[in-house]
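Pasted below: upload37.txt, compact mmCIF, C-alpha atoms (C1' of nucleotides).
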```txt
# COMPACT_ATOMS: atom_id res chain seq x y z
CA MET L 1 -11.27 30.33 -83.37
CA ASP L 2 -10.84 29.67 -79.66
CA LYS L 3 -7.32 28.27 -79.52
CA ARG L 4 -7.65 27.00 -76.00
CA ALA L 5 -10.57 24.85 -77.06
CA LYS L 6 -8.68 23.69 -80.12
CA ILE L 7 -5.76 22.62 -77.98
CA LEU L 8 -8.04 20.68 -75.65
CA ALA L 9 -9.78 18.99 -78.57
CA ALA L 10 -6.50 17.98 -80.17
CA ALA L 11 -5.16 16.81 -76.82
CA LEU L 12 -8.21 14.63 -76.23
CA LYS L 13 -7.86 12.92 -79.56
CA LEU L 14 -4.12 12.33 -79.38
CA LEU L 15 -3.94 11.40 -75.70
CA VAL L 16 -6.59 8.73 -76.15
CA GLU L 17 -4.85 7.40 -79.24
CA GLN L 18 -1.29 7.41 -78.00
CA GLY L 19 -1.40 7.64 -74.23
CA PHE L 20 -0.42 10.44 -71.92
CA HIS L 21 3.32 10.29 -72.03
CA SER L 22 3.86 9.24 -75.59
CA THR L 23 1.93 12.20 -76.89
CA PRO L 24 4.39 15.11 -77.18
CA THR L 25 3.08 18.58 -76.52
CA SER L 26 4.51 19.48 -79.90
CA ALA L 27 2.18 17.01 -81.57
CA ILE L 28 -0.79 18.42 -79.68
CA ALA L 29 0.12 21.96 -80.69
CA LYS L 30 0.56 20.90 -84.31
CA ALA L 31 -2.76 19.06 -84.42
CA ALA L 32 -4.46 22.05 -82.87
CA GLY L 33 -2.92 24.33 -85.47
CA VAL L 34 -1.14 26.51 -82.94
CA ALA L 35 2.46 27.15 -82.10
CA ASN L 36 4.28 25.33 -79.38
CA GLY L 37 4.53 28.41 -77.25
CA THR L 38 0.80 29.01 -77.48
CA LEU L 39 0.09 25.72 -75.78
CA PHE L 40 2.27 26.77 -72.88
CA HIS L 41 0.63 30.15 -72.84
CA TYR L 42 -2.70 28.50 -71.97
CA PHE L 43 -1.34 25.66 -69.84
CA LYS L 44 1.70 26.14 -67.67
CA THR L 45 2.72 22.48 -67.92
CA LYS L 46 1.68 19.36 -69.76
CA ASP L 47 0.25 18.00 -66.54
CA GLU L 48 -1.88 21.08 -66.14
CA LEU L 49 -3.24 20.49 -69.63
CA ILE L 50 -4.10 16.88 -68.83
CA LEU L 51 -5.67 17.77 -65.50
CA GLY L 52 -7.56 20.61 -67.15
CA LEU L 53 -8.85 18.30 -69.84
CA TYR L 54 -10.03 15.85 -67.21
CA ALA L 55 -11.84 18.59 -65.33
CA ASP L 56 -13.54 19.76 -68.53
CA ILE L 57 -14.63 16.27 -69.46
CA LYS L 58 -15.94 15.53 -66.00
CA LYS L 59 -17.97 18.73 -66.05
CA ASP L 60 -19.43 17.84 -69.43
CA SER L 61 -20.26 14.35 -68.27
CA LEU L 62 -22.02 15.46 -65.09
CA ARG L 63 -24.01 18.12 -66.90
CA LYS L 64 -25.29 15.68 -69.50
CA ILE L 65 -25.98 12.94 -66.97
CA LEU L 66 -28.21 15.14 -64.85
CA GLN L 67 -30.33 16.37 -67.75
CA GLY L 68 -34.03 15.77 -67.29
CA ILE L 69 -33.87 15.05 -63.57
CA GLU L 70 -36.52 16.70 -61.44
CA GLY L 71 -37.15 16.39 -57.74
CA GLN L 72 -40.76 15.26 -57.98
CA GLN L 73 -40.07 12.20 -60.11
CA SER L 74 -40.13 8.74 -58.58
CA VAL L 75 -36.82 7.24 -57.54
CA LYS L 76 -37.02 4.66 -60.31
CA ALA L 77 -37.73 7.31 -62.93
CA LYS L 78 -34.76 9.37 -61.77
CA VAL L 79 -32.47 6.36 -61.68
CA LYS L 80 -33.61 5.33 -65.15
CA THR L 81 -32.94 8.77 -66.57
CA ILE L 82 -29.47 8.87 -65.05
CA TRP L 83 -28.76 5.35 -66.26
CA TYR L 84 -29.79 6.23 -69.82
CA ASN L 85 -27.98 9.54 -69.78
CA SER L 86 -24.78 7.97 -68.49
CA ILE L 87 -24.68 5.21 -71.05
CA ASN L 88 -25.67 7.60 -73.77
CA TRP L 89 -22.88 9.99 -72.87
CA SER L 90 -20.28 7.22 -72.83
CA ILE L 91 -21.41 5.96 -76.22
CA THR L 92 -21.74 9.29 -77.98
CA GLU L 93 -18.70 10.83 -76.33
CA LYS L 94 -16.58 7.73 -76.71
CA GLU L 95 -13.28 9.59 -76.78
CA LYS L 96 -14.13 11.47 -73.61
CA HIS L 97 -15.25 8.26 -71.97
CA ASN L 98 -12.00 6.56 -72.92
CA PHE L 99 -9.95 9.47 -71.70
CA LYS L 100 -11.76 9.42 -68.38
CA GLN L 101 -11.18 5.71 -67.99
CA GLN L 102 -7.52 5.96 -68.96
CA PHE L 103 -7.06 8.88 -66.60
CA MET L 104 -8.78 7.22 -63.66
CA HIS L 105 -6.63 4.11 -64.00
CA SER L 106 -3.37 5.97 -64.45
CA PRO L 107 -1.12 7.41 -61.76
CA TYR L 108 -2.65 10.82 -62.54
CA ALA L 109 -5.73 9.75 -60.61
CA THR L 110 -3.78 9.93 -57.36
CA GLN L 111 -3.49 13.68 -57.92
CA LEU L 112 -7.25 14.08 -57.53
CA SER L 113 -8.58 15.41 -54.26
CA GLN L 114 -10.93 13.46 -52.04
CA GLU L 115 -13.75 15.87 -52.91
CA ASP L 116 -13.12 15.41 -56.57
CA LEU L 117 -13.44 11.66 -56.19
CA GLU L 118 -16.59 11.91 -54.13
CA GLU L 119 -18.35 14.60 -56.12
CA GLU L 120 -20.46 12.23 -58.19
CA LEU L 121 -21.33 10.10 -55.17
CA LYS L 122 -22.50 13.19 -53.30
CA LEU L 123 -24.70 14.25 -56.19
CA PHE L 124 -26.56 10.97 -56.08
CA SER L 125 -26.47 10.14 -52.40
CA ASP L 126 -29.66 12.06 -51.54
CA MET L 127 -31.53 10.18 -54.22
CA ILE L 128 -30.17 6.84 -53.03
CA LYS L 129 -30.99 7.75 -49.45
CA GLU L 130 -34.54 8.58 -50.49
CA GLY L 131 -34.80 5.22 -52.25
CA ILE L 132 -33.62 3.34 -49.19
CA GLU L 133 -35.92 5.26 -46.85
CA LYS L 134 -38.92 4.61 -49.07
CA LYS L 135 -37.97 0.93 -49.07
CA ILE L 136 -37.50 0.97 -52.83
CA LEU L 137 -33.78 0.28 -52.83
CA LYS L 138 -31.93 -2.37 -50.87
CA ASP L 139 -30.82 -1.38 -47.40
CA ILE L 140 -27.09 -1.51 -48.01
CA PRO L 141 -24.48 1.27 -47.71
CA ILE L 142 -25.09 4.19 -50.04
CA ASP L 143 -21.60 4.16 -51.45
CA LEU L 144 -21.87 0.44 -52.13
CA ILE L 145 -25.02 1.04 -54.17
CA TYR L 146 -23.22 3.84 -55.96
CA HIS L 147 -20.24 1.64 -56.75
CA ILE L 148 -22.35 -1.21 -58.04
CA THR L 149 -24.37 1.20 -60.13
CA HIS L 150 -21.35 2.88 -61.57
CA TYR L 151 -19.63 -0.34 -62.56
CA GLN L 152 -22.80 -1.90 -63.93
CA MET L 153 -23.05 1.03 -66.32
CA LEU L 154 -19.41 0.56 -67.30
CA ALA L 155 -20.20 -3.09 -68.01
CA ILE L 156 -23.01 -2.14 -70.37
CA VAL L 157 -20.87 0.47 -72.12
CA SER L 158 -18.09 -2.04 -72.60
CA TYR L 159 -20.58 -4.62 -73.85
CA LEU L 160 -22.09 -2.13 -76.29
CA ASN L 161 -18.67 -1.25 -77.64
CA LEU L 162 -18.09 -4.93 -78.40
CA ASN L 163 -21.58 -5.33 -79.84
CA PRO L 164 -22.19 -2.02 -81.59
CA HIS L 165 -25.27 -3.27 -83.42
CA LEU L 166 -27.10 -3.15 -80.08
CA ILE L 167 -26.53 0.59 -79.71
CA GLU L 168 -29.70 1.28 -81.68
CA ASP L 169 -31.64 -1.55 -80.05
CA ALA L 170 -34.21 -0.11 -77.63
CA ASP L 171 -35.12 -3.60 -76.42
CA PHE L 172 -31.59 -4.20 -75.29
CA TYR L 173 -31.60 -1.02 -73.21
CA GLU L 174 -34.87 -2.13 -71.61
CA LEU L 175 -33.39 -5.52 -70.78
CA ALA L 176 -30.17 -4.05 -69.47
CA PHE L 177 -31.94 -1.48 -67.34
CA GLU L 178 -34.30 -4.01 -65.81
CA LEU L 179 -31.34 -6.25 -65.08
CA PHE L 180 -29.68 -3.32 -63.39
CA TRP L 181 -32.76 -2.22 -61.49
CA ASP L 182 -33.42 -5.74 -60.20
CA ASN L 183 -29.97 -5.70 -58.72
CA ILE L 184 -30.49 -2.65 -56.51
CA LYS L 185 -34.26 -2.66 -55.88
CA ARG L 186 -35.57 -4.16 -52.65
CA VAL L 187 -37.21 -7.54 -53.17
CA MET R 1 19.00 -14.62 -58.22
CA ASP R 2 16.81 -14.81 -61.31
CA LYS R 3 17.46 -11.42 -62.85
CA ARG R 4 14.58 -11.68 -65.30
CA ALA R 5 12.17 -12.05 -62.39
CA LYS R 6 13.82 -9.19 -60.55
CA ILE R 7 13.41 -6.96 -63.57
CA LEU R 8 9.73 -7.87 -63.85
CA ALA R 9 9.15 -7.24 -60.15
CA ALA R 10 10.84 -3.86 -60.29
CA ALA R 11 8.97 -2.99 -63.46
CA LEU R 12 5.63 -3.85 -61.87
CA LYS R 13 6.28 -1.64 -58.89
CA LEU R 14 7.57 1.36 -60.83
CA LEU R 15 5.13 1.16 -63.73
CA VAL R 16 2.17 1.16 -61.36
CA GLU R 17 3.62 4.06 -59.38
CA GLN R 18 4.72 6.26 -62.24
CA GLY R 19 2.93 5.10 -65.37
CA PHE R 20 4.23 3.38 -68.44
CA HIS R 21 6.03 6.14 -70.23
CA SER R 22 7.32 8.11 -67.32
CA THR R 23 9.15 5.11 -65.97
CA PRO R 24 12.57 5.00 -67.66
CA THR R 25 14.08 1.61 -68.35
CA SER R 26 17.14 2.86 -66.53
CA ALA R 27 15.09 3.28 -63.35
CA ILE R 28 13.69 -0.23 -63.72
CA ALA R 29 17.17 -1.68 -64.17
CA LYS R 30 18.45 0.25 -61.19
CA ALA R 31 15.58 -0.85 -58.96
CA ALA R 32 16.11 -4.43 -60.06
CA GLY R 33 19.81 -4.20 -59.24
CA VAL R 34 20.98 -5.01 -62.75
CA ALA R 35 22.74 -3.08 -65.45
CA ASN R 36 20.90 -1.27 -68.19
CA GLY R 37 22.15 -3.65 -70.82
CA THR R 38 20.90 -6.65 -68.86
CA LEU R 39 17.36 -5.42 -69.09
CA PHE R 40 17.66 -5.29 -72.86
CA HIS R 41 19.21 -8.72 -72.87
CA TYR R 42 15.98 -10.18 -71.47
CA PHE R 43 13.56 -7.87 -73.25
CA LYS R 44 14.27 -6.59 -76.73
CA THR R 45 12.30 -3.41 -76.18
CA LYS R 46 10.51 -1.61 -73.40
CA ASP R 47 7.21 -2.50 -75.02
CA GLU R 48 8.14 -6.16 -74.96
CA LEU R 49 8.84 -5.84 -71.25
CA ILE R 50 5.46 -4.26 -70.61
CA LEU R 51 3.63 -6.78 -72.76
CA GLY R 52 5.56 -9.61 -71.11
CA LEU R 53 4.68 -8.31 -67.69
CA TYR R 54 1.04 -8.18 -68.65
CA ALA R 55 1.16 -11.76 -69.93
CA ASP R 56 2.79 -12.93 -66.70
CA ILE R 57 0.26 -11.18 -64.54
CA LYS R 58 -2.65 -12.48 -66.55
CA LYS R 59 -1.35 -16.02 -66.23
CA ASP R 60 -0.93 -15.63 -62.49
CA SER R 61 -4.42 -14.21 -62.18
CA LEU R 62 -6.11 -16.99 -64.16
CA ARG R 63 -4.26 -19.69 -62.30
CA LYS R 64 -5.26 -18.36 -58.90
CA ILE R 65 -8.83 -17.66 -59.97
CA LEU R 66 -9.43 -21.23 -61.13
CA GLN R 67 -8.08 -22.81 -57.95
CA GLY R 68 -10.52 -25.20 -56.30
CA ILE R 69 -12.86 -25.50 -59.29
CA GLU R 70 -14.04 -29.01 -60.08
CA GLY R 71 -16.44 -30.18 -62.74
CA GLN R 72 -18.85 -31.93 -60.43
CA GLN R 73 -19.62 -28.89 -58.30
CA SER R 74 -22.89 -27.04 -58.67
CA VAL R 75 -22.90 -23.95 -60.84
CA LYS R 76 -23.44 -21.72 -57.85
CA ALA R 77 -20.55 -23.32 -55.97
CA LYS R 78 -18.23 -22.84 -58.92
CA VAL R 79 -19.34 -19.25 -59.43
CA LYS R 80 -18.87 -18.55 -55.75
CA THR R 81 -15.35 -19.96 -55.75
CA ILE R 82 -14.39 -17.94 -58.81
CA TRP R 83 -15.94 -14.84 -57.31
CA TYR R 84 -14.01 -15.24 -54.06
CA ASN R 85 -10.79 -16.15 -55.83
CA SER R 86 -11.03 -13.16 -58.14
CA ILE R 87 -11.65 -10.66 -55.42
CA ASN R 88 -9.03 -12.24 -53.24
CA TRP R 89 -6.44 -12.06 -55.99
CA SER R 90 -7.19 -8.40 -56.70
CA ILE R 91 -6.90 -7.53 -53.02
CA THR R 92 -3.78 -9.52 -52.20
CA GLU R 93 -2.06 -8.76 -55.49
CA LYS R 94 -3.05 -5.13 -55.50
CA GLU R 95 -0.13 -3.99 -57.60
CA LYS R 96 -0.80 -6.61 -60.23
CA HIS R 97 -4.45 -5.71 -60.23
CA ASN R 98 -3.62 -2.04 -60.70
CA PHE R 99 -1.19 -2.81 -63.47
CA LYS R 100 -3.77 -4.89 -65.27
CA GLN R 101 -6.34 -2.13 -64.99
CA GLN R 102 -3.92 0.54 -66.13
CA PHE R 103 -2.81 -1.63 -69.02
CA MET R 104 -6.32 -2.50 -70.15
CA HIS R 105 -7.35 1.15 -70.22
CA SER R 106 -4.23 2.36 -71.98
CA PRO R 107 -3.51 2.34 -75.70
CA TYR R 108 -1.40 -0.79 -75.10
CA ALA R 109 -4.63 -2.76 -74.85
CA THR R 110 -5.21 -2.30 -78.57
CA GLN R 111 -2.11 -4.42 -79.17
CA LEU R 112 -3.84 -7.44 -77.65
CA SER R 113 -5.19 -10.08 -79.99
CA GLN R 114 -8.84 -11.03 -80.14
CA GLU R 115 -8.05 -14.40 -78.55
CA ASP R 116 -6.20 -12.72 -75.76
CA LEU R 117 -9.22 -10.58 -74.99
CA GLU R 118 -11.62 -13.49 -75.14
CA GLU R 119 -9.53 -16.02 -73.22
CA GLU R 120 -11.17 -15.45 -69.87
CA LEU R 121 -14.64 -15.39 -71.39
CA LYS R 122 -13.98 -18.73 -73.09
CA LEU R 123 -12.80 -20.29 -69.85
CA PHE R 124 -16.09 -19.47 -68.19
CA SER R 125 -18.51 -19.78 -71.08
CA ASP R 126 -19.11 -23.51 -70.63
CA MET R 127 -19.98 -22.97 -67.00
CA ILE R 128 -22.30 -20.09 -67.86
CA LYS R 129 -23.90 -22.16 -70.62
CA GLU R 130 -24.47 -24.98 -68.13
CA GLY R 131 -26.08 -22.52 -65.73
CA ILE R 132 -28.42 -21.20 -68.40
CA GLU R 133 -29.36 -24.67 -69.62
CA LYS R 134 -30.13 -25.83 -66.10
CA LYS R 135 -32.29 -22.72 -65.69
CA ILE R 136 -30.12 -21.51 -62.83
CA LEU R 137 -28.83 -18.39 -64.57
CA LYS R 138 -30.83 -15.82 -66.48
CA ASP R 139 -31.36 -16.54 -70.14
CA ILE R 140 -29.35 -13.65 -71.50
CA PRO R 141 -26.28 -13.68 -73.76
CA ILE R 142 -23.30 -15.44 -72.27
CA ASP R 143 -20.93 -12.59 -72.87
CA LEU R 144 -23.37 -10.17 -71.27
CA ILE R 145 -23.40 -12.31 -68.13
CA TYR R 146 -19.63 -12.42 -68.25
CA HIS R 147 -19.37 -8.66 -68.60
CA ILE R 148 -21.75 -7.97 -65.75
CA THR R 149 -19.93 -10.48 -63.58
CA HIS R 150 -16.54 -9.08 -64.35
CA TYR R 151 -17.53 -5.49 -63.63
CA GLN R 152 -19.43 -6.40 -60.50
CA MET R 153 -16.26 -7.90 -59.14
CA LEU R 154 -14.35 -4.77 -60.05
CA ALA R 155 -16.95 -2.75 -58.17
CA ILE R 156 -16.42 -4.80 -55.03
CA VAL R 157 -12.65 -4.55 -55.33
CA SER R 158 -12.84 -0.80 -55.74
CA TYR R 159 -15.23 -0.58 -52.78
CA LEU R 160 -12.95 -2.69 -50.62
CA ASN R 161 -9.99 -0.50 -51.47
CA LEU R 162 -11.95 2.51 -50.27
CA ASN R 163 -13.17 0.65 -47.17
CA PRO R 164 -10.21 -1.53 -46.24
CA HIS R 165 -11.64 -2.46 -42.85
CA LEU R 166 -14.14 -4.67 -44.69
CA ILE R 167 -11.39 -6.79 -46.21
CA GLU R 168 -11.42 -9.04 -43.15
CA ASP R 169 -15.20 -8.96 -42.78
CA ALA R 170 -16.64 -12.32 -43.82
CA ASP R 171 -20.18 -10.98 -43.50
CA PHE R 172 -19.49 -8.35 -46.09
CA TYR R 173 -18.30 -10.95 -48.57
CA GLU R 174 -21.48 -12.96 -47.97
CA LEU R 175 -23.62 -9.90 -48.56
CA ALA R 176 -21.68 -8.87 -51.64
CA PHE R 177 -21.79 -12.33 -53.13
CA GLU R 178 -25.52 -12.74 -52.56
CA LEU R 179 -26.06 -9.34 -54.14
CA PHE R 180 -24.04 -10.50 -57.09
CA TRP R 181 -25.70 -13.89 -57.35
CA ASP R 182 -29.19 -12.37 -57.21
CA ASN R 183 -28.28 -10.30 -60.21
CA ILE R 184 -27.49 -13.20 -62.50
CA LYS R 185 -29.60 -16.05 -61.09
CA ARG R 186 -32.94 -16.82 -62.71
CA VAL R 187 -35.89 -15.63 -60.63
C1' DA M 1 41.37 -28.29 -74.04
C1' DC M 2 38.51 -25.42 -77.06
C1' DT M 3 34.84 -23.22 -78.87
C1' DT M 4 30.43 -21.39 -78.52
C1' DT M 5 26.77 -19.60 -76.16
C1' DT M 6 24.72 -17.01 -72.58
C1' DG M 7 24.61 -13.58 -69.02
C1' DT M 8 26.21 -9.26 -67.39
C1' DA M 9 28.05 -4.82 -67.22
C1' DG M 10 28.01 0.21 -68.08
C1' DA M 11 29.67 3.94 -70.98
C1' DG M 12 28.01 5.98 -75.02
C1' DT M 13 24.68 7.84 -78.78
C1' DG M 14 21.25 9.92 -81.48
C1' DA M 15 16.69 11.22 -81.15
C1' DT M 16 13.15 13.34 -78.69
C1' DT M 17 10.97 16.12 -75.21
C1' DA M 18 9.01 19.66 -71.99
C1' DG M 19 9.49 23.98 -71.38
C1' DT M 20 11.85 28.86 -72.30
C1' DC M 21 12.81 33.11 -74.43
C1' DG M 22 12.83 37.06 -77.13
C1' DG M 23 10.02 39.10 -79.88
C1' DT M 24 5.80 40.57 -83.22
C1' DC M 25 1.32 42.22 -83.55
C1' DA M 26 -3.51 43.49 -82.70
C1' DG M 27 -6.50 45.56 -79.66
C1' DT M 28 -7.67 48.70 -75.93
C1' DA M 29 -7.40 52.10 -72.47
C1' DT M 30 -5.66 56.63 -71.37
C1' DA X 1 -0.88 59.50 -80.22
C1' DT X 2 1.04 56.63 -76.63
C1' DA X 3 1.47 53.05 -73.53
C1' DC X 4 0.12 48.79 -72.20
C1' DT X 5 -1.62 44.16 -72.34
C1' DG X 6 -2.00 39.63 -73.65
C1' DA X 7 -2.31 36.38 -77.54
C1' DC X 8 0.77 34.16 -80.40
C1' DC X 9 4.92 32.50 -82.67
C1' DG X 10 8.86 29.23 -83.44
C1' DA X 11 13.76 28.67 -82.75
C1' DC X 12 16.27 27.08 -79.03
C1' DT X 13 18.00 24.36 -74.87
C1' DA X 14 18.98 21.31 -71.28
C1' DA X 15 17.68 17.11 -69.97
C1' DT X 16 16.16 12.64 -70.69
C1' DC X 17 15.26 8.47 -72.96
C1' DA X 18 15.40 3.91 -75.42
C1' DC X 19 18.53 1.35 -77.06
C1' DT X 20 23.52 -0.06 -78.81
C1' DC X 21 28.13 -1.41 -78.38
C1' DT X 22 32.16 -3.38 -76.67
C1' DA X 23 34.03 -6.14 -73.40
C1' DC X 24 34.47 -9.82 -70.42
C1' DA X 25 33.40 -13.84 -67.55
C1' DA X 26 31.10 -18.00 -66.61
C1' DA X 27 28.93 -21.96 -68.23
C1' DA X 28 27.84 -25.56 -71.56
C1' DG X 29 28.78 -28.25 -75.29
C1' DT X 30 32.22 -31.00 -78.04
```
Once more with this new file: its structure as structure tokens, please.
Amino acid sequence: MDKRAKILAAALKLLVEQGFHSTPTSAIAKAAGVANGTLFHYFKTKDELILGLYADIKKDSLRKILQGIEGQQSVKAKVKTIWYNSINWSITEKEKHNFKQQFMHSPYATQLSQEDLEEELKLFSDMIKEGIEKKILKDIPIDLIYHITHYQMLAIVSYLNLNPHLIEDADFYELAFELFWDNIKRV
Amino acid sequence: MDKRAKILAAALKLLVEQGFHSTPTSAIAKAAGVANGTLFHYFKTKDELILGLYADIKKDSLRKILQGIEGQQSVKAKVKTIWYNSINWSITEKEKHNFKQQFMHSPYATQLSQEDLEEELKLFSDMIKEGIEKKILKDIPIDLIYHITHYQMLAIVSYLNLNPHLIEDADFYELAFELFWDNIKRV
DNA sequence: ACTTTTGTAGAGTGATTAGTCGGTCAGTAT
DNA sequence: ATACTGACCGACTAATCACTCTACAAAAGT
């Protein structure tokens, strides 16, 4: 019933399929089952819709990625949970993942604020700092660890999308996580 | 004088700046200093221009990345050269790198053939196979190694773009390469 | 010399697009 | 009851876009 949500859902689907600029707002409105004017009632411009969709998706992603994290866990346990959650989100929310990727690599990304770009890093930097101080993680810059981590997860997601039969394979996740952990843990 | 090249150069610049669909062909022609009709003389459609630009950039990238590779080198030496070449290309040809990334994450990527997607993997798979057989690289699927490698390089490129003072820092490259090599070498 | 091909120009066209506008209608406060 | 608010509609518009067309000049082939 919530038309705003319907518009966002239709926008997600069509924008991923057809790209940002070759998806007319009229098509989004039609797919959402609302009138053209209604779309512009909720979003002043098409750009505002796209930016709003990105913000929504990012919020959803962060919420799901942090699930099950508690302060008293070991660094490795926390990292493992985040790693699993991240990959799981990207696989189950494939459209959202693709939108995020498309958005981040498009000129829209330049519209994001510095804070917006650093939000995820800041969320994890305490944990990484803790890992370095406890001599569990390698003593390299925090944001370098974050970058490597982030892209390693993207690699696994991309690999899983090319080899979908592995999505249900718990052994593969074990292998991939250990591979990942070996890369950032202190030797 | 070569107008085709001028059109491609102008297209690269504008498409990266403004995105695929919000860059009019008329703007590309204008920036290239040619008439509208000339653009369509060289490229039947706008899509053909974009696809052609991608093909050009990919060729340039592969050529530069393979420079200095010889069969008799050790696996580590070859990997190191490719790693340096790749990162160097992405940093010096920033616009081309950005175009490639934007293209690969846009719906245009679905127009690529299977071969096109696997070309780079195939170029490296013999080397990776050699590394696994000689027990230098981890015994995990070749395409998984390739994926991890590829994304690790993207991570470094992204990190360097955020920390441009490191671009001239040879020590950083050493650190980053060893980090990378530790991840794929057999322990 | 002549014919054909190729490169170049730029005005023109039909389709499409983001966004507007005037208005209906249901709900809610007064 | 009355006034007000905001959701919602869809026809409309001004602008823009990809691409075409006609024309012409330079080169290349014969």
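Those residues that approach Leu62 of chain R to within 10 Å, counting all atoms listed in the file, are Ile57, Lys58, Lys59, Asp60, Lys64, Ile65, Leu66, Gln67, Ile82, Asn85, Ser86, Trp89, Glu119, Glu120 and Leu123 of chain R; same-chain residues fewer than 2 positions away are not listed.
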Neighbours of chain M in chain R at 12 Å, counting only C-alpha atoms (C1' of nucleotides), as a ChimeraX atom specification: /R:2-4,22,26,29-30,33-42
Test item: residues at most 9 Å from segment 70-81 of chain R, all atoms listed in the file, excluding those fewer than 6 positions along its chain, as number ranges by chain: R: 127-128, 130-131, 136-137, 177, 181, 185
Starting from chain X, keep only residues with some atom at most 8 Å from an atom of chain R, counting all atoms listed in the file, and report them as a CSV table (one decimal) with C-alpha atoms (C1' of nucleotides), keeping the file's coordinate frame.
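Printed below is result_34.csv as written:
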```
chain,number,residue,atom,x,y,z
X,17,DC,C1',15.3,8.5,-73.0
X,18,DA,C1',15.4,3.9,-75.4
X,19,DC,C1',18.5,1.4,-77.1
```
Which residues of chain R come within 9 Å of chain L, and what is each one's closest atom pair and distance in Å (one decimal), counting only C-alpha atoms, sorted by chain and residue number, as CSV?
```
residue,atom,partner,partner_atom,distance
R:Val16,CA,L:Pro107,CA,7.1
R:Glu17,CA,L:Pro107,CA,6.3
R:Gln18,CA,L:Pro107,CA,6.0
R:Gly19,CA,L:Pro107,CA,5.9
R:Phe20,CA,L:His21,CA,7.8
R:His21,CA,L:His21,CA,5.3
R:Ser22,CA,L:His21,CA,6.6
R:Asn98,CA,L:His105,CA,7.6
R:Phe99,CA,L:His105,CA,8.8
R:Gln101,CA,L:His105,CA,6.3
R:Gln102,CA,L:His105,CA,5.0
R:Phe103,CA,L:His105,CA,8.5
R:Met104,CA,L:Gln102,CA,8.6
R:His105,CA,L:Gln102,CA,5.0
R:Ser106,CA,L:Gln102,CA,5.7
R:Pro107,CA,L:Gly19,CA,5.9
R:Tyr108,CA,L:Gly19,CA,8.5
R:Asp143,CA,L:Tyr159,CA,8.0
R:Leu144,CA,L:Tyr159,CA,6.7
R:His147,CA,L:Ala155,CA,5.7
R:Ile148,CA,L:Ala155,CA,5.6
R:Thr149,CA,L:Ala155,CA,8.6
R:His150,CA,L:Ala155,CA,7.9
R:Tyr151,CA,L:Ala155,CA,5.7
R:Gln152,CA,L:Tyr151,CA,6.4
R:Met153,CA,L:Tyr151,CA,9.0
R:Leu154,CA,L:Tyr151,CA,7.3
R:Ala155,CA,L:Ile148,CA,5.6
R:Ile156,CA,L:Ile148,CA,7.6
R:Ser158,CA,L:His147,CA,7.9
R:Tyr159,CA,L:Leu144,CA,6.7
R:Leu179,CA,L:Asn183,CA,7.0
R:Phe180,CA,L:Asn183,CA,7.8
R:Asp182,CA,L:Asn183,CA,6.9
R:Asn183,CA,L:Asn183,CA,5.1
R:Ile184,CA,L:Leu179,CA,8.4
```
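For the pair atom CA of Leu51 of chain L and atom C1' of DG10 of chain X, the separation is 25.8 Å.
In this structure, atom CA of Ile69 of chain L sits 11.2 Å away from atom CA of Phe124 of chain L.
Atom to atom, atom CA of Ala10 of chain L and atom C1' of DT5 of chain X stand 27.8 Å apart.
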Leu53 of chain R surroundings by all atoms listed in the file, 9 Å radius, close-in-sequence under 6 positions cut, as a PyMOL selection string: chain R and resi 8-9+11-12
